[in-house]
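S.K.: Before I ask anything, here is the structure I am working with.
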Amino acid sequence: MLGGARPMLLWYVWIRLVDGTWHKVDEIASQLRIPKSAVCWAAKFLSDHGLAEYDEEEEVRRLHDSRSRFEDIVRSTISSPR
């Protein structure tokens, strides 16, 4: 995934989780009209950084409402060559 695309993808998925309730990855992918694999990557990334909870049934929910924390974490993806 290109460096510039990662922050936008993370933002789109994170903002879909604004209410803090559980959402299915399939539903998010459908709403955003992007591949499920991209949403799974974003959900796992957000989960690995403590901003979301992601479970085995491919459901995800936002844990924190801290935009500044989100921005700091996403900023790190821009400098990361992954």
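All residue names refer to the structure tokens as shown: chains lettered A, B, ... in order, residues numbered from 1 in each chain, ligands numbered from 1 in order.
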Tell me, which residues of chain A carry DSSP strand (DSSP E or B), written as a ChimeraX atom specification?
M.R.: /A:23-24,52-54,59-62
S.K.: What separation in Å, quoted to one decimal, exists between atom CA of Thr77 of chain A and atom CA of Leu10 of chain A?
M.R.: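 According to the coordinates, atom CA of Thr77 of chain A and atom CA of Leu10 of chain A are separated by 9.9 Å.
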S.K.: Counting only C-alpha atoms, give me one row per residue of segment 45-64 of chain A with an atom at most 10 Å from an atom of segment 25-41 of chain A, showing the shortest contact pair and its distance in Å to one decimal, sorted by chain then residue number, as CSV.
M.R.:
```
residue,atom,partner,partner_atom,distance
A:Phe45,CA,A:Trp41,CA,6.1
A:Leu46,CA,A:Trp41,CA,8.6
A:Ser47,CA,A:Trp41,CA,9.8
A:Tyr54,CA,A:Cys40,CA,8.9
A:Glu57,CA,A:Val25,CA,9.0
A:Glu58,CA,A:Val25,CA,5.7
A:Glu59,CA,A:Val25,CA,5.8
A:Val60,CA,A:Val25,CA,6.9
A:Arg61,CA,A:Val25,CA,9.9
```
S.K.: Find the residues around segment 11-15 of chain A up to 9 Å (only C-alpha atoms counted), leave out those fewer than 2 positions away in its own chain, and share them as an NGL selection string.
M.R.: :A and (6-9 or 17-19 or 28-29 or 32 or 39 or 42-43 or 46 or 51-52 or 61-62 or 70 or 74)
